[in-house]
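A.B. asks: My questions will all concern the structure given below.
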Amino acid sequence: MTTTTSNQSPRIESPRAHSGSGEARYAKLAARFRPVFDRIAEGALHREKNRILPYEQVGWLREAGFTTLRVPAAFGGDPVSHEHLFRLLIELAAADSNVAHLLRSHFSFVETACLQSPAFKDRWFPRIAAGQIFGNAATERGGNALGTTRTRLHNEQGQWYLTGEKFYTTGSIFADWVVVMASTEGVEGRQYALVPAGDPGVTIIDDWDGFGQPLTGTGTARFNRVPVVAEDILQRQVTSTLEPAFFQLFLLAVLAGIGRAALRDAVGLVRARTRTFNTGSGGLFRDESQIQEHVGLIASKAYAADAIVTIAARDLDAAVDPALQLPPESAFLRAELAVEQAHVAVPPLVLAITSELFDVAGASAVGRDKALDRHWRNARTVATHNPALFKARSVGDYLINGTIPVGLNSIGDAATTPSSTTGGTPS
């Protein structure tokens, strides 16, 4: 098991973006991946209506090199900035929010790998560069106290084994490797164990029953005495890192993409509609000034959601910019506060868009064949992942009292006597 004994926060090492940064660089990236996004969009409605998991579509992204976008150049990557990654994710989510969402754990593992030892990077970055995908198994459905896990690592005659059950294992059903949160008897805190998704002791079930994001593989994963290489066990560090902010901003990029998709469908409805009401002008909907205004309002909210995510991503870039030389706590604050404020602002915008979409058409818009309700269901599901109310309080407490925010790192059953969650060392 790999452990870290130093109390100092590690210097954050983030992949440096290619020197050709800026809008021209993004235009080249977008031109490279938009044909793939368009292919993914073509069958998105059919897949969601028929619960067809997007294995093939994930394969297209792998083949196109999308999953390698944050691999450092030293390991053969051509890394992009946070800003460009999240802008691409918005475009992918507009094509299919399920496909974008299921890659959250993969890209988060890439960020985590950047914080590890040279030996760890030498072991794992070549695998990512070769197209291998990483899933997640952190959260348990219940019974684990906050900050603990019932999934266990144990050692038998020098061999480590992993045993336990997880839920909300987004992306793992599509992955080559699963990053599992576990506890070890006699070891403080929690650990990450990396195990092959195809191991005989690993069972991943598509039993997610939420009304939104149905194709993300967010279901049950069971681990039955799965062998784990000692070097592939990492101590979960309580440090000032950008990991929580990155993990949460990913969700906001998915939400912004859903907003774009809903706007796209609103425009399509108005353009195609020939039926009208006598209470209007009697002309085509596309020529009604009030309909035009309503679509403009939807578009403005979608633009605002995009802009907020993009600006927050720039703050993540600034936090790891070597030219700024921010100390770890300042880097953490730069990223965490940006994402927390974005987390308060973006969901209401997208939820409004996905509801107001129906105001540009008549009762025919609610037909099951169109499945326009999927935008609201998907947005509502993504927005529930990390309650925005806690984020607003955290930002206000920092601005008023200087209390350092605590990044989300644990979910579990509440203690009988609540402990303070404000202040302390960010994780």
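By order in the structure tokens, chains are A, B, ...; within a chain, residues start at 1; ligands start at 1, following the order shown.
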What's around region 300-314 of chain A at 6 Å? Count only C-alpha atoms, leave out sequence neighbours fewer than 6 positions away in its own chain, and write the answer as a CSV table (one decimal) with N, CA and C atoms, in the first residue's frame.

C.D. replies:
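File out-v3.csv, as written:
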chain,number,residue,atom,x,y,z
A,82,HIS,N,-7.9,23.1,-18.9
A,82,HIS,CA,-9.2,22.8,-18.3
A,82,HIS,C,-10.4,23.5,-19.1
A,83,GLU,N,-10.1,24.7,-19.5
A,83,GLU,CA,-11.1,25.5,-20.2
A,83,GLU,C,-11.5,24.7,-21.5
A,256,ALA,N,-24.7,22.3,-18.6
A,256,ALA,CA,-24.7,23.3,-19.7
A,256,ALA,C,-25.0,22.7,-21.1
A,259,GLY,N,-28.6,22.1,-21.4
A,259,GLY,CA,-29.3,23.4,-21.8
A,259,GLY,C,-29.1,23.7,-23.3
A,260,ARG,N,-28.0,23.4,-23.9
A,260,ARG,CA,-27.8,23.6,-25.3
A,260,ARG,C,-28.7,22.7,-26.1
A,338,ALA,N,-14.7,29.2,-7.1
A,338,ALA,CA,-15.3,29.4,-8.5
A,338,ALA,C,-16.3,28.4,-8.8
A,339,VAL,N,-16.0,27.1,-8.5
A,339,VAL,CA,-16.9,26.0,-8.8
A,339,VAL,C,-18.2,26.1,-7.9
A,346,VAL,N,-25.6,27.7,-12.1
A,346,VAL,CA,-25.9,27.0,-13.3
A,346,VAL,C,-27.2,26.1,-13.3
A,349,LEU,N,-30.6,27.9,-14.1
A,349,LEU,CA,-30.6,28.3,-15.5
A,349,LEU,C,-31.1,27.1,-16.4

A.B. asks: Could you list, as an mmCIF file with C-alpha atoms, in the first residue's frame, every residue within 9 Å of Ser394 (chain A), counting only C-alpha atoms and ignoring same-chain residues fewer than 2 positions away?

C.D. replies:
data_model
loop_
_atom_site.group_PDB
_atom_site.id
_atom_site.type_symbol
_atom_site.label_atom_id
_atom_site.label_comp_id
_atom_site.auth_asym_id
_atom_site.auth_seq_id
_atom_site.Cartn_x
_atom_site.Cartn_y
_atom_site.Cartn_z
ATOM 1 C CA LEU A 337 -14.876 29.094 -4.724
ATOM 2 C CA GLU A 340 -19.116 26.503 -5.713
ATOM 3 C CA LEU A 389 -27.755 24.919 -0.904
ATOM 4 C CA PHE A 390 -24.600 23.811 0.886
ATOM 5 C CA LYS A 391 -22.491 25.570 -1.743
ATOM 6 C CA ALA A 392 -24.258 28.892 -1.273
ATOM 7 C CA GLY A 396 -21.264 33.168 2.117
ATOM 8 C CA ASP A 397 -19.396 31.858 5.168
ATOM 9 C CA TYR A 398 -16.075 32.404 3.422
ATOM 10 C CA LEU A 399 -16.917 35.930 2.279
ATOM 11 C CA THR A 403 -13.989 30.203 6.689
ATOM 12 C CA ILE A 404 -12.126 27.992 4.225
ATOM 13 C CA PRO A 405 -14.558 25.851 2.201
ATOM 14 C CA VAL A 406 -14.427 22.067 2.429
ATOM 15 C CA THR A 422 -17.187 24.377 7.952
#

A.B. asks: Counting only C-alpha atoms, which of A:Trp177, A:Thr67, A:Ser97, A:Arg190 gets nearest to Ala130 (chain A)?

C.D. replies: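 Ranking A:Trp177, A:Thr67, A:Ser97, A:Arg190 by distance to Ala130 (chain A), first place goes to A:Thr67.
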
A.B. asks: What does the structure give for the distance between CA of Arg380 (chain A) and CA of Gly210 (chain A), in Å to one decimal?

C.D. replies: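 We find that CA of Arg380 (chain A) and CA of Gly210 (chain A) lie 10.4 Å from each other.
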
A.B. asks: Quick one: residues within 10 Å of Arg39 (chain A), only C-alpha atoms, excluding same-chain residues fewer than 3 positions away - as a ChimeraX atom specification?

C.D. replies: /A:34-36,42-44,57,60,95

A.B. asks: Leaving out Thr169 (chain A) and any residue of its chain fewer than 3 positions from it, which residues lie within 7 Å of it when counting only C-alpha atoms, given as a list in words?

C.D. replies: Asn136, Ala137, Lys166, Ser172, Gly217, Thr218, Gly219, Thr220 and Ala221 of chain A

A.B. asks: Taking the DSSP secondary structure from the backbone, can you list the residues of region 111-217 of chain A that are helix (DSSP H, G or I), as a PyMOL selection string?

C.D. replies: chain A and resi 111-113+118-129+172-174

A.B. asks: To one decimal in Å, tell me the separation between CA of Gly282 (chain A) and CA of Thr354 (chain A).

C.D. replies: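 So the two atoms, CA of Gly282 (chain A) and CA of Thr354 (chain A), lie 26.5 Å apart.
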
A.B. asks: Which one is closest to Ile291 (chain A): A:Pro327, A:Asp359, A:Phe277, A:Ala262? Count only C-alpha atoms.

C.D. replies: A:Asp359

A.B. asks: Check the smallest atom-to-atom distance from each of A:Gly22, A:Gly158, A:Gly142, A:Gly135 to Val180 (chain A) using only C-alpha atoms, then report the winner.

C.D. replies: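 Among the listed residues, A:Gly135 lies closest to Val180 (chain A).
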
A.B. asks: Just how far from CA of Val179 (chain A) is CA of Leu194 (chain A), in Å to one decimal?

C.D. replies: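 These two atoms are separated by 4.7 Å.
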
A.B. asks: Pick from A:Ser183, A:Ser281, A:Asn50, A:Gln341: nearest to Arg393 (chain A), with only C-alpha atoms counted?

C.D. replies: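 Residue with the minimum atom-to-atom distance to Arg393 (chain A): A:Gln341.
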